[in-house]
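K.L.:
I am sharing run_20.txt, which consists of compact mmCIF, N, CA and C atoms:
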# COMPACT_ATOMS: atom_id res chain seq x y z
N MET A 1 94.06 126.09 73.85
CA MET A 1 94.14 124.72 74.33
C MET A 1 93.75 124.68 75.80
N GLU A 2 93.01 123.69 76.17
CA GLU A 2 92.56 123.52 77.56
C GLU A 2 93.72 123.09 78.46
N LYS A 3 93.74 123.61 79.66
CA LYS A 3 94.78 123.24 80.61
C LYS A 3 94.40 121.95 81.33
N ARG A 4 95.41 121.11 81.55
CA ARG A 4 95.26 119.87 82.31
C ARG A 4 96.30 119.87 83.41
N VAL A 5 96.12 118.97 84.36
CA VAL A 5 97.09 118.86 85.45
C VAL A 5 98.26 118.00 84.99
N TYR A 6 99.46 118.57 85.12
CA TYR A 6 100.69 117.88 84.81
C TYR A 6 101.65 118.06 85.99
N ALA A 7 102.72 117.28 85.97
CA ALA A 7 103.77 117.43 86.98
C ALA A 7 105.11 117.60 86.28
N ALA A 8 105.79 118.68 86.60
CA ALA A 8 107.11 118.97 86.04
C ALA A 8 108.17 118.57 87.06
N ARG A 9 109.16 117.82 86.61
CA ARG A 9 110.24 117.36 87.48
C ARG A 9 111.46 118.25 87.33
N GLY A 10 112.27 118.26 88.38
CA GLY A 10 113.51 119.00 88.32
C GLY A 10 114.47 118.52 89.37
N ALA A 11 115.75 118.78 89.14
CA ALA A 11 116.79 118.43 90.12
C ALA A 11 117.96 119.38 89.95
N ILE A 12 118.69 119.54 91.05
CA ILE A 12 119.86 120.42 91.06
C ILE A 12 120.79 119.95 92.18
N PHE A 13 122.07 120.15 92.00
CA PHE A 13 123.03 119.84 93.06
C PHE A 13 123.24 121.07 93.94
N ALA A 14 123.43 120.83 95.24
CA ALA A 14 123.66 121.91 96.20
C ALA A 14 124.71 121.47 97.20
N GLU A 15 125.32 122.46 97.85
CA GLU A 15 126.21 122.20 98.97
C GLU A 15 125.39 122.28 100.24
N ASN A 16 125.90 121.71 101.32
CA ASN A 16 125.15 121.69 102.58
C ASN A 16 125.36 122.97 103.38
N THR A 17 124.91 124.08 102.80
CA THR A 17 124.88 125.36 103.51
C THR A 17 123.51 125.98 103.27
N LYS A 18 123.07 126.81 104.20
CA LYS A 18 121.79 127.49 104.01
C LYS A 18 121.79 128.30 102.73
N GLU A 19 122.90 128.98 102.47
CA GLU A 19 122.99 129.84 101.29
C GLU A 19 122.87 129.04 100.00
N SER A 20 123.58 127.92 99.93
CA SER A 20 123.55 127.10 98.72
C SER A 20 122.16 126.49 98.52
N ILE A 21 121.59 125.94 99.56
CA ILE A 21 120.26 125.32 99.42
C ILE A 21 119.24 126.36 99.00
N GLN A 22 119.28 127.55 99.60
CA GLN A 22 118.32 128.59 99.21
C GLN A 22 118.53 129.00 97.75
N GLU A 23 119.77 129.28 97.39
CA GLU A 23 120.08 129.70 96.01
C GLU A 23 119.61 128.64 95.01
N LYS A 24 119.94 127.39 95.27
CA LYS A 24 119.65 126.32 94.32
C LYS A 24 118.16 125.99 94.26
N ALA A 25 117.46 126.00 95.39
CA ALA A 25 116.02 125.74 95.38
C ALA A 25 115.28 126.81 94.59
N VAL A 26 115.63 128.06 94.80
CA VAL A 26 114.99 129.17 94.08
C VAL A 26 115.34 129.09 92.59
N LYS A 27 116.60 128.81 92.28
CA LYS A 27 117.02 128.71 90.88
C LYS A 27 116.24 127.62 90.15
N LEU A 28 116.11 126.46 90.78
CA LEU A 28 115.39 125.34 90.16
C LEU A 28 113.92 125.67 89.99
N PHE A 29 113.29 126.19 91.04
CA PHE A 29 111.87 126.55 90.97
C PHE A 29 111.63 127.56 89.85
N ASN A 30 112.43 128.62 89.81
CA ASN A 30 112.24 129.65 88.79
C ASN A 30 112.42 129.09 87.38
N ALA A 31 113.39 128.20 87.20
CA ALA A 31 113.62 127.61 85.88
C ALA A 31 112.43 126.76 85.44
N VAL A 32 111.87 125.97 86.34
CA VAL A 32 110.72 125.13 86.00
C VAL A 32 109.50 126.01 85.68
N VAL A 33 109.28 127.04 86.48
CA VAL A 33 108.17 127.97 86.25
C VAL A 33 108.33 128.65 84.88
N GLU A 34 109.53 129.15 84.61
CA GLU A 34 109.77 129.88 83.36
C GLU A 34 109.63 128.97 82.14
N LYS A 35 110.28 127.80 82.17
CA LYS A 35 110.26 126.91 81.00
C LYS A 35 108.88 126.35 80.71
N ASN A 36 108.02 126.32 81.73
CA ASN A 36 106.67 125.78 81.55
C ASN A 36 105.59 126.85 81.47
N GLY A 37 105.96 128.11 81.59
CA GLY A 37 104.99 129.19 81.51
C GLY A 37 103.92 129.11 82.58
N ILE A 38 104.33 128.79 83.79
CA ILE A 38 103.38 128.59 84.90
C ILE A 38 103.12 129.89 85.63
N ALA A 39 101.85 130.17 85.87
CA ALA A 39 101.43 131.34 86.66
C ALA A 39 101.08 130.88 88.07
N SER A 40 101.03 131.81 89.00
CA SER A 40 100.72 131.49 90.40
C SER A 40 99.43 130.68 90.54
N ASP A 41 98.41 131.08 89.82
CA ASP A 41 97.11 130.41 89.93
C ASP A 41 97.10 129.01 89.32
N ASP A 42 98.12 128.66 88.55
CA ASP A 42 98.20 127.34 87.92
C ASP A 42 98.70 126.26 88.87
N VAL A 43 99.42 126.66 89.92
CA VAL A 43 100.12 125.69 90.77
C VAL A 43 99.15 124.98 91.71
N VAL A 44 99.30 123.67 91.77
CA VAL A 44 98.51 122.84 92.68
C VAL A 44 99.32 122.58 93.95
N SER A 45 100.56 122.09 93.79
CA SER A 45 101.42 121.80 94.94
C SER A 45 102.85 121.58 94.47
N LEU A 46 103.75 121.58 95.45
CA LEU A 46 105.17 121.38 95.15
C LEU A 46 105.76 120.44 96.19
N GLN A 47 106.32 119.34 95.71
CA GLN A 47 106.97 118.34 96.55
C GLN A 47 108.47 118.43 96.34
N TRP A 48 109.21 118.56 97.43
CA TRP A 48 110.67 118.57 97.40
C TRP A 48 111.20 117.29 98.04
N THR A 49 112.33 116.81 97.55
CA THR A 49 113.11 115.80 98.28
C THR A 49 114.55 116.26 98.26
N MET A 50 115.30 115.78 99.22
CA MET A 50 116.73 116.10 99.27
C MET A 50 117.46 114.92 99.87
N THR A 51 118.70 114.74 99.45
CA THR A 51 119.50 113.65 99.97
C THR A 51 119.85 113.92 101.43
N LYS A 52 120.14 112.85 102.17
CA LYS A 52 120.31 112.97 103.62
C LYS A 52 121.47 113.84 104.06
N ASP A 53 122.43 114.08 103.18
CA ASP A 53 123.57 114.93 103.53
C ASP A 53 123.22 116.41 103.54
N LEU A 54 122.09 116.79 102.97
CA LEU A 54 121.66 118.18 102.95
C LEU A 54 120.73 118.41 104.15
N ASP A 55 121.28 118.97 105.21
CA ASP A 55 120.49 119.15 106.43
C ASP A 55 120.59 120.55 107.02
N SER A 56 121.06 121.51 106.22
CA SER A 56 121.22 122.88 106.71
C SER A 56 119.95 123.71 106.58
N MET A 57 119.09 123.35 105.63
CA MET A 57 117.87 124.12 105.40
C MET A 57 116.89 123.29 104.58
N ASN A 58 115.63 123.46 104.84
CA ASN A 58 114.57 122.82 104.08
C ASN A 58 114.34 123.65 102.80
N PRO A 59 114.31 123.03 101.61
CA PRO A 59 114.11 123.81 100.39
C PRO A 59 112.75 124.52 100.34
N ALA A 60 111.75 124.00 101.04
CA ALA A 60 110.46 124.68 101.09
C ALA A 60 110.60 126.01 101.82
N THR A 61 111.31 126.00 102.93
CA THR A 61 111.59 127.24 103.66
C THR A 61 112.44 128.17 102.80
N ALA A 62 113.44 127.61 102.14
CA ALA A 62 114.31 128.40 101.28
C ALA A 62 113.51 129.11 100.20
N LEU A 63 112.55 128.40 99.63
CA LEU A 63 111.74 128.99 98.56
C LEU A 63 110.91 130.16 99.08
N ARG A 64 110.33 129.99 100.25
CA ARG A 64 109.50 131.05 100.82
C ARG A 64 110.34 132.31 101.14
N LEU A 65 111.62 132.13 101.42
CA LEU A 65 112.50 133.25 101.75
C LEU A 65 113.13 133.90 100.52
N GLY A 66 113.11 133.20 99.39
CA GLY A 66 113.82 133.67 98.20
C GLY A 66 112.98 134.52 97.27
N LYS A 67 113.64 135.03 96.26
CA LYS A 67 112.99 135.85 95.23
C LYS A 67 112.56 134.93 94.09
N THR A 68 111.26 134.74 93.95
CA THR A 68 110.73 133.81 92.96
C THR A 68 109.96 134.56 91.87
N LEU A 69 109.87 133.92 90.71
CA LEU A 69 109.17 134.52 89.57
C LEU A 69 107.67 134.63 89.80
N ILE A 70 107.13 133.69 90.55
CA ILE A 70 105.71 133.74 90.92
C ILE A 70 105.59 133.63 92.43
N GLN A 71 104.48 134.08 92.96
CA GLN A 71 104.24 134.07 94.41
C GLN A 71 104.28 132.63 94.94
N ALA A 72 105.17 132.37 95.87
CA ALA A 72 105.31 131.01 96.41
C ALA A 72 104.66 130.85 97.79
N SER A 73 104.24 131.93 98.41
CA SER A 73 103.74 131.85 99.78
C SER A 73 102.41 131.09 99.89
N GLU A 74 101.65 131.00 98.82
CA GLU A 74 100.36 130.31 98.86
C GLU A 74 100.43 128.87 98.35
N ILE A 75 101.59 128.46 97.87
CA ILE A 75 101.74 127.11 97.31
C ILE A 75 101.86 126.09 98.45
N PRO A 76 101.05 125.02 98.42
CA PRO A 76 101.26 123.95 99.39
C PRO A 76 102.61 123.28 99.10
N LEU A 77 103.50 123.33 100.08
CA LEU A 77 104.85 122.78 99.93
C LEU A 77 105.04 121.61 100.88
N PHE A 78 105.81 120.62 100.44
CA PHE A 78 106.11 119.48 101.28
C PHE A 78 107.52 119.02 100.95
N CYS A 79 108.28 118.65 101.96
CA CYS A 79 109.65 118.18 101.75
C CYS A 79 109.87 116.88 102.50
N SER A 80 110.58 115.97 101.86
CA SER A 80 110.94 114.71 102.52
C SER A 80 112.36 114.34 102.12
N GLN A 81 112.93 113.41 102.88
CA GLN A 81 114.29 112.95 102.58
C GLN A 81 114.23 111.94 101.44
N GLU A 82 115.13 112.09 100.51
CA GLU A 82 115.27 111.14 99.41
C GLU A 82 115.62 109.77 99.98
N ALA A 83 115.11 108.72 99.40
CA ALA A 83 115.47 107.37 99.84
C ALA A 83 116.98 107.18 99.67
N PHE A 84 117.62 106.64 100.71
CA PHE A 84 119.07 106.41 100.64
C PHE A 84 119.34 105.14 99.86
N ILE A 85 120.16 105.27 98.83
CA ILE A 85 120.58 104.13 98.01
C ILE A 85 122.10 104.09 98.03
N GLN A 86 122.68 102.95 98.40
CA GLN A 86 124.14 102.84 98.40
C GLN A 86 124.68 103.18 97.03
N GLY A 87 125.69 104.03 97.01
CA GLY A 87 126.29 104.44 95.75
C GLY A 87 125.55 105.57 95.05
N GLY A 88 124.44 106.01 95.63
CA GLY A 88 123.67 107.10 95.03
C GLY A 88 124.39 108.43 95.16
N ARG A 89 123.99 109.39 94.36
CA ARG A 89 124.60 110.72 94.39
C ARG A 89 124.18 111.48 95.64
N SER A 90 125.06 112.29 96.16
CA SER A 90 124.74 113.14 97.31
C SER A 90 124.57 114.57 96.83
N GLY A 91 124.04 115.41 97.71
CA GLY A 91 123.89 116.82 97.40
C GLY A 91 122.81 117.14 96.40
N VAL A 92 121.77 116.31 96.34
CA VAL A 92 120.73 116.49 95.32
C VAL A 92 119.43 117.01 95.94
N ILE A 93 118.91 118.06 95.33
CA ILE A 93 117.56 118.55 95.64
C ILE A 93 116.72 118.23 94.41
N ARG A 94 115.58 117.58 94.66
CA ARG A 94 114.65 117.26 93.57
C ARG A 94 113.31 117.93 93.86
N MET A 95 112.57 118.23 92.80
CA MET A 95 111.24 118.80 92.99
C MET A 95 110.26 118.21 91.98
N LEU A 96 109.01 118.20 92.39
CA LEU A 96 107.90 117.78 91.53
C LEU A 96 106.82 118.83 91.69
N LEU A 97 106.66 119.66 90.67
CA LEU A 97 105.71 120.76 90.69
C LEU A 97 104.47 120.34 89.91
N THR A 98 103.35 120.24 90.60
CA THR A 98 102.09 119.88 89.97
C THR A 98 101.34 121.16 89.66
N ALA A 99 100.93 121.29 88.40
CA ALA A 99 100.29 122.54 87.97
C ALA A 99 99.40 122.30 86.76
N TYR A 100 98.51 123.23 86.52
CA TYR A 100 97.70 123.22 85.30
C TYR A 100 98.54 123.80 84.18
N MET A 101 98.64 123.05 83.08
CA MET A 101 99.42 123.49 81.93
C MET A 101 98.66 123.13 80.66
N SER A 102 98.93 123.87 79.61
CA SER A 102 98.29 123.60 78.32
C SER A 102 99.18 122.72 77.43
N HIS A 103 100.26 122.20 78.00
CA HIS A 103 101.21 121.37 77.25
C HIS A 103 101.87 120.38 78.20
N LYS A 104 102.46 119.35 77.63
CA LYS A 104 103.21 118.42 78.47
C LYS A 104 104.37 119.17 79.11
N PRO A 105 104.74 118.80 80.32
CA PRO A 105 105.75 119.57 81.05
C PRO A 105 107.15 119.44 80.48
N VAL A 106 107.92 120.51 80.70
CA VAL A 106 109.34 120.51 80.39
C VAL A 106 110.05 120.26 81.72
N HIS A 107 110.83 119.21 81.80
CA HIS A 107 111.56 118.86 83.01
C HIS A 107 112.91 119.58 83.00
N VAL A 108 113.36 120.00 84.18
CA VAL A 108 114.55 120.85 84.26
C VAL A 108 115.57 120.23 85.22
N PHE A 109 116.76 119.98 84.72
CA PHE A 109 117.87 119.45 85.51
C PHE A 109 119.04 120.39 85.32
N LEU A 110 119.56 120.95 86.43
CA LEU A 110 120.56 122.01 86.36
C LEU A 110 121.83 121.67 87.15
N ASP A 111 122.87 122.39 86.81
CA ASP A 111 124.13 122.36 87.57
C ASP A 111 124.68 120.96 87.79
N GLY A 112 124.71 120.19 86.72
CA GLY A 112 125.23 118.83 86.78
C GLY A 112 124.19 117.76 87.00
N ALA A 113 122.99 118.13 87.42
CA ALA A 113 121.94 117.14 87.67
C ALA A 113 121.38 116.54 86.36
N GLU A 114 121.78 117.09 85.24
CA GLU A 114 121.36 116.53 83.94
C GLU A 114 121.79 115.07 83.84
N ALA A 115 122.89 114.73 84.51
CA ALA A 115 123.40 113.36 84.49
C ALA A 115 122.48 112.38 85.20
N LEU A 116 121.61 112.88 86.06
CA LEU A 116 120.69 112.00 86.78
C LEU A 116 119.63 111.41 85.87
N ARG A 117 119.18 112.20 84.91
CA ARG A 117 118.12 111.75 83.98
C ARG A 117 118.39 112.28 82.57
N PRO A 118 119.43 111.77 81.92
CA PRO A 118 119.73 112.27 80.58
C PRO A 118 118.60 111.99 79.58
N ASP A 119 117.75 111.03 79.90
CA ASP A 119 116.66 110.68 78.99
C ASP A 119 115.56 111.74 78.97
N ILE A 120 115.45 112.57 80.03
CA ILE A 120 114.40 113.60 80.04
C ILE A 120 114.94 115.00 80.28
N SER A 121 116.24 115.15 80.44
CA SER A 121 116.84 116.48 80.65
C SER A 121 116.76 117.29 79.38
N LYS A 122 116.43 118.58 79.56
CA LYS A 122 116.37 119.48 78.39
C LYS A 122 117.15 120.71 78.67
Can the structure from this file be put into structure tokens for me?
P.N.:
Amino acid sequence: MEKRVYAARGAIFAENTKESIQEKAVKLFNAVVEKNGIASDDVVSLQWTMTKDLDSMNPATALRLGKTLIQASEIPLFCSQEAFIQGGRSGVIRMLLTAYMSHKPVHVFLDGAEALRPDISK
């Protein structure tokens, strides 16, 4: 089957510590890569967002420092603050990984983040 460009979504909850953000960013990235069978050469880019309460570390930096299933040093990474919505959940890291895949993406929500999108969580 021919590969097309798709975007896989993911989210995870983290505490506001460097250790937690690094652990959770790497865990989420690795889960999305594994569940979608993504190789280093397949990746186009990776967009991170995080809620405003998470200010100890950038998940893009965390990913570059962590142990990942595929090489992350060549991936174009970008991080921005999640839009603040009154009553919204705090402690959330979200990612959108754009990559070439031969199938529709599997979205990954971990560590309680399944509640954010029960309609697409697997």
K.L.:
To one decimal place in Å, what is the distance between CA of Val33 (chain A) and CA of Trp48 (chain A)?
P.N.:
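Between these atoms lies a distance of 14.8 Å.
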K.L.:
Could you tell me which of A:Thr98, A:Ser45, A:Gln22, A:Gln71 comes closest to Met57 (chain A) if we count only N, CA and C atoms?
P.N.:
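Between A:Thr98, A:Ser45, A:Gln22, A:Gln71, the residue approaching Met57 (chain A) most closely is A:Gln22.
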K.L.:
So what do you get for atom C of Asn30 (chain A) versus atom C of Leu69 (chain A), distance-wise?
P.N.:
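Atom-to-atom, atom C of Asn30 (chain A) and atom C of Leu69 (chain A) are spaced 7.7 Å apart.
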K.L.:
Quick one: of A:Phe78, A:Phe29, A:Phe13, A:Tyr6, who's nearest to Ala99 (chain A), counting only N, CA and C atoms?
P.N.:
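So, comparing all the options, the nearest one is A:Tyr6.
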K.L.:
Name the residues within 6 Å of (98.0, 127.7, 79.3), counting only N, CA and C atoms in the file's coordinates, and put them as a list in words.
P.N.:
Lys3, Met101 and Ser102 of chain A
K.L.:
Deliver the residues from the most recent selection as a file, using N, CA and C atoms, as a PDB file, in the frame of the given file.
P.N.:
ATOM      1  N   LYS A   3      93.740 123.610  79.660  1.00  0.00           N
ATOM      2  CA  LYS A   3      94.780 123.240  80.610  1.00  0.00           C
ATOM      3  C   LYS A   3      94.400 121.950  81.330  1.00  0.00           C
ATOM      4  N   MET A 101      98.640 123.050  83.080  1.00  0.00           N
ATOM      5  CA  MET A 101      99.420 123.490  81.930  1.00  0.00           C
ATOM      6  C   MET A 101      98.660 123.130  80.660  1.00  0.00           C
ATOM      7  N   SER A 102      98.930 123.870  79.610  1.00  0.00           N
ATOM      8  CA  SER A 102      98.290 123.600  78.320  1.00  0.00           C
ATOM      9  C   SER A 102      99.180 122.720  77.430  1.00  0.00           C
TER      10      SER A 102
END
K.L.:
Give the strand (DSSP E or B) residues of region 49-93 of chain A, as DSSP finds them on the backbone, and put them as a compact mmCIF listing (two decimals) with N, CA and C atoms, in the coordinates of the input.
P.N.:
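The result, written out as selection_31.txt:
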# COMPACT_ATOMS: atom_id res chain seq x y z
N THR A 49 112.33 116.81 97.55
CA THR A 49 113.11 115.80 98.28
C THR A 49 114.55 116.26 98.26
N MET A 50 115.30 115.78 99.22
CA MET A 50 116.73 116.10 99.27
C MET A 50 117.46 114.92 99.87
N LEU A 77 103.50 123.33 100.08
CA LEU A 77 104.85 122.78 99.93
C LEU A 77 105.04 121.61 100.88
N PHE A 78 105.81 120.62 100.44
CA PHE A 78 106.11 119.48 101.28
C PHE A 78 107.52 119.02 100.95
N CYS A 79 108.28 118.65 101.96
CA CYS A 79 109.65 118.18 101.75
C CYS A 79 109.87 116.88 102.50
N SER A 80 110.58 115.97 101.86
CA SER A 80 110.94 114.71 102.52
C SER A 80 112.36 114.34 102.12
N GLN A 81 112.93 113.41 102.88
CA GLN A 81 114.29 112.95 102.58
C GLN A 81 114.23 111.94 101.44
N VAL A 92 121.77 116.31 96.34
CA VAL A 92 120.73 116.49 95.32
C VAL A 92 119.43 117.01 95.94
N ILE A 93 118.91 118.06 95.33
CA ILE A 93 117.56 118.55 95.64
C ILE A 93 116.72 118.23 94.41
K.L.:
For Ala39 (chain A), which residue out of A:Val26, A:Ile12, A:Ile75, A:Leu54 is the nearest one, using only C-alpha atoms?
P.N.:
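Checking each of A:Val26, A:Ile12, A:Ile75, A:Leu54 against Ala39 (chain A), counting only C-alpha atoms, the winner is A:Ile75.
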K.L.:
Work out how far apart CA of Thr51 (chain A) and CA of Ser73 (chain A) are and give it in Å to one decimal.
P.N.:
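Straight-line distance from CA of Thr51 (chain A) to CA of Ser73 (chain A) works out to 24.1 Å.
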K.L.:
Box for region 3-6 of chain A - axis-aligned, 3 Å on each of the six sides, all listed atoms - centre and size in Å to one decimal, as AutoDock Vina command-line options.
P.N.:
--center_x 97.7 --center_y 120.7 --center_z 82.8 --size_x 13.9 --size_y 11.7 --size_z 12.3
K.L.:
Quick one: of A:Arg94, A:Arg9, A:Arg64, A:His103, who's nearest to Val32 (chain A), counting all atoms listed in the file?
P.N.:
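Checking each of A:Arg94, A:Arg9, A:Arg64, A:His103 against Val32 (chain A), counting all atoms listed in the file, the winner is A:Arg9.
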K.L.:
Using only N, CA and C atoms, which of A:Ala14, A:Ala62, A:Ile38, A:Cys79 sits nearest Gly91 (chain A)?
P.N.:
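Closest to Gly91 (chain A) of all the choices is A:Ala14.
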K.L.:
Looking at only C-alpha atoms, which of A:Ala11, A:Leu77, A:Lys18, A:His107 is the one that sits closest to Met95 (chain A)?
P.N.:
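The shortest atom-to-atom distance to Met95 (chain A) comes from A:Ala11.
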K.L.:
So that I can check the secondary structure, give me every residue of chain A assigned alpha helix (DSSP H) by backbone DSSP, as a short mmCIF file (atom, residue, chain, number, x, y, z; two decimals) with N, CA and C atoms, keeping the file's coordinate frame.
P.N.:
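Below is the file result39.cif, written as the result:
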data_model
loop_
_atom_site.label_atom_id
_atom_site.label_comp_id
_atom_site.auth_asym_id
_atom_site.auth_seq_id
_atom_site.Cartn_x
_atom_site.Cartn_y
_atom_site.Cartn_z
N LYS A 18 123.07 126.81 104.20
CA LYS A 18 121.79 127.49 104.01
C LYS A 18 121.79 128.30 102.73
N GLU A 19 122.90 128.98 102.47
CA GLU A 19 122.99 129.84 101.29
C GLU A 19 122.87 129.04 100.00
N SER A 20 123.58 127.92 99.93
CA SER A 20 123.55 127.10 98.72
C SER A 20 122.16 126.49 98.52
N ILE A 21 121.59 125.94 99.56
CA ILE A 21 120.26 125.32 99.42
C ILE A 21 119.24 126.36 99.00
N GLN A 22 119.28 127.55 99.60
CA GLN A 22 118.32 128.59 99.21
C GLN A 22 118.53 129.00 97.75
N GLU A 23 119.77 129.28 97.39
CA GLU A 23 120.08 129.70 96.01
C GLU A 23 119.61 128.64 95.01
N LYS A 24 119.94 127.39 95.27
CA LYS A 24 119.65 126.32 94.32
C LYS A 24 118.16 125.99 94.26
N ALA A 25 117.46 126.00 95.39
CA ALA A 25 116.02 125.74 95.38
C ALA A 25 115.28 126.81 94.59
N VAL A 26 115.63 128.06 94.80
CA VAL A 26 114.99 129.17 94.08
C VAL A 26 115.34 129.09 92.59
N LYS A 27 116.60 128.81 92.28
CA LYS A 27 117.02 128.71 90.88
C LYS A 27 116.24 127.62 90.15
N LEU A 28 116.11 126.46 90.78
CA LEU A 28 115.39 125.34 90.16
C LEU A 28 113.92 125.67 89.99
N PHE A 29 113.29 126.19 91.04
CA PHE A 29 111.87 126.55 90.97
C PHE A 29 111.63 127.56 89.85
N ASN A 30 112.43 128.62 89.81
CA ASN A 30 112.24 129.65 88.79
C ASN A 30 112.42 129.09 87.38
N ALA A 31 113.39 128.20 87.20
CA ALA A 31 113.62 127.61 85.88
C ALA A 31 112.43 126.76 85.44
N VAL A 32 111.87 125.97 86.34
CA VAL A 32 110.72 125.13 86.00
C VAL A 32 109.50 126.01 85.68
N VAL A 33 109.28 127.04 86.48
CA VAL A 33 108.17 127.97 86.25
C VAL A 33 108.33 128.65 84.88
N GLU A 34 109.53 129.15 84.61
CA GLU A 34 109.77 129.88 83.36
C GLU A 34 109.63 128.97 82.14
N LYS A 35 110.28 127.80 82.17
CA LYS A 35 110.26 126.91 81.00
C LYS A 35 108.88 126.35 80.71
N ASN A 36 108.02 126.32 81.73
CA ASN A 36 106.67 125.78 81.55
C ASN A 36 105.59 126.85 81.47
N PRO A 59 114.31 123.03 101.61
CA PRO A 59 114.11 123.81 100.39
C PRO A 59 112.75 124.52 100.34
N ALA A 60 111.75 124.00 101.04
CA ALA A 60 110.46 124.68 101.09
C ALA A 60 110.60 126.01 101.82
N THR A 61 111.31 126.00 102.93
CA THR A 61 111.59 127.24 103.66
C THR A 61 112.44 128.17 102.80
N ALA A 62 113.44 127.61 102.14
CA ALA A 62 114.31 128.40 101.28
C ALA A 62 113.51 129.11 100.20
N LEU A 63 112.55 128.40 99.63
CA LEU A 63 111.74 128.99 98.56
C LEU A 63 110.91 130.16 99.08
N ARG A 64 110.33 129.99 100.25
CA ARG A 64 109.50 131.05 100.82
C ARG A 64 110.34 132.31 101.14
N LEU A 65 111.62 132.13 101.42
CA LEU A 65 112.50 133.25 101.75
C LEU A 65 113.13 133.90 100.52
#
K.L.:
Find the residues near Lys104 (chain A): any atom within 10 Å, counting only C-alpha atoms, skip ones fewer than 6 places away on the same chain, and give them as number ranges by chain.
P.N.:
A: 3-8, 36
K.L.:
Restore N, CA, C and O atoms in region 64-75 of chain A and list the result as a compact mmCIF listing (two decimals), keeping the file's coordinate frame.
P.N.:
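In the end it all went to result-v3.txt:
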# COMPACT_ATOMS: atom_id res chain seq x y z
N ARG A 64 110.33 129.99 100.25
CA ARG A 64 109.50 131.05 100.82
C ARG A 64 110.34 132.31 101.14
O ARG A 64 109.83 133.41 101.12
N LEU A 65 111.62 132.13 101.42
CA LEU A 65 112.50 133.25 101.75
C LEU A 65 113.13 133.90 100.52
O LEU A 65 113.65 135.01 100.60
N GLY A 66 113.11 133.20 99.39
CA GLY A 66 113.82 133.67 98.20
C GLY A 66 112.98 134.52 97.27
O GLY A 66 111.77 134.69 97.45
N LYS A 67 113.64 135.03 96.26
CA LYS A 67 112.99 135.85 95.23
C LYS A 67 112.56 134.93 94.09
O LYS A 67 113.40 134.41 93.36
N THR A 68 111.26 134.74 93.95
CA THR A 68 110.73 133.81 92.96
C THR A 68 109.96 134.56 91.87
O THR A 68 109.46 135.66 92.09
N LEU A 69 109.87 133.92 90.71
CA LEU A 69 109.17 134.52 89.57
C LEU A 69 107.67 134.63 89.80
O LEU A 69 107.02 135.52 89.26
N ILE A 70 107.13 133.69 90.55
CA ILE A 70 105.71 133.74 90.92
C ILE A 70 105.59 133.63 92.43
O ILE A 70 106.50 133.15 93.11
N GLN A 71 104.48 134.08 92.96
CA GLN A 71 104.24 134.07 94.41
C GLN A 71 104.28 132.63 94.94
O GLN A 71 103.52 131.79 94.49
N ALA A 72 105.17 132.37 95.87
CA ALA A 72 105.31 131.01 96.41
C ALA A 72 104.66 130.85 97.79
O ALA A 72 104.50 129.73 98.26
N SER A 73 104.24 131.93 98.41
CA SER A 73 103.74 131.85 99.78
C SER A 73 102.41 131.09 99.89
O SER A 73 102.10 130.57 100.95
N GLU A 74 101.65 131.00 98.82
CA GLU A 74 100.36 130.31 98.86
C GLU A 74 100.43 128.87 98.35
O GLU A 74 99.45 128.15 98.39
N ILE A 75 101.59 128.46 97.87
CA ILE A 75 101.74 127.11 97.31
C ILE A 75 101.86 126.09 98.45
O ILE A 75 102.69 126.27 99.35
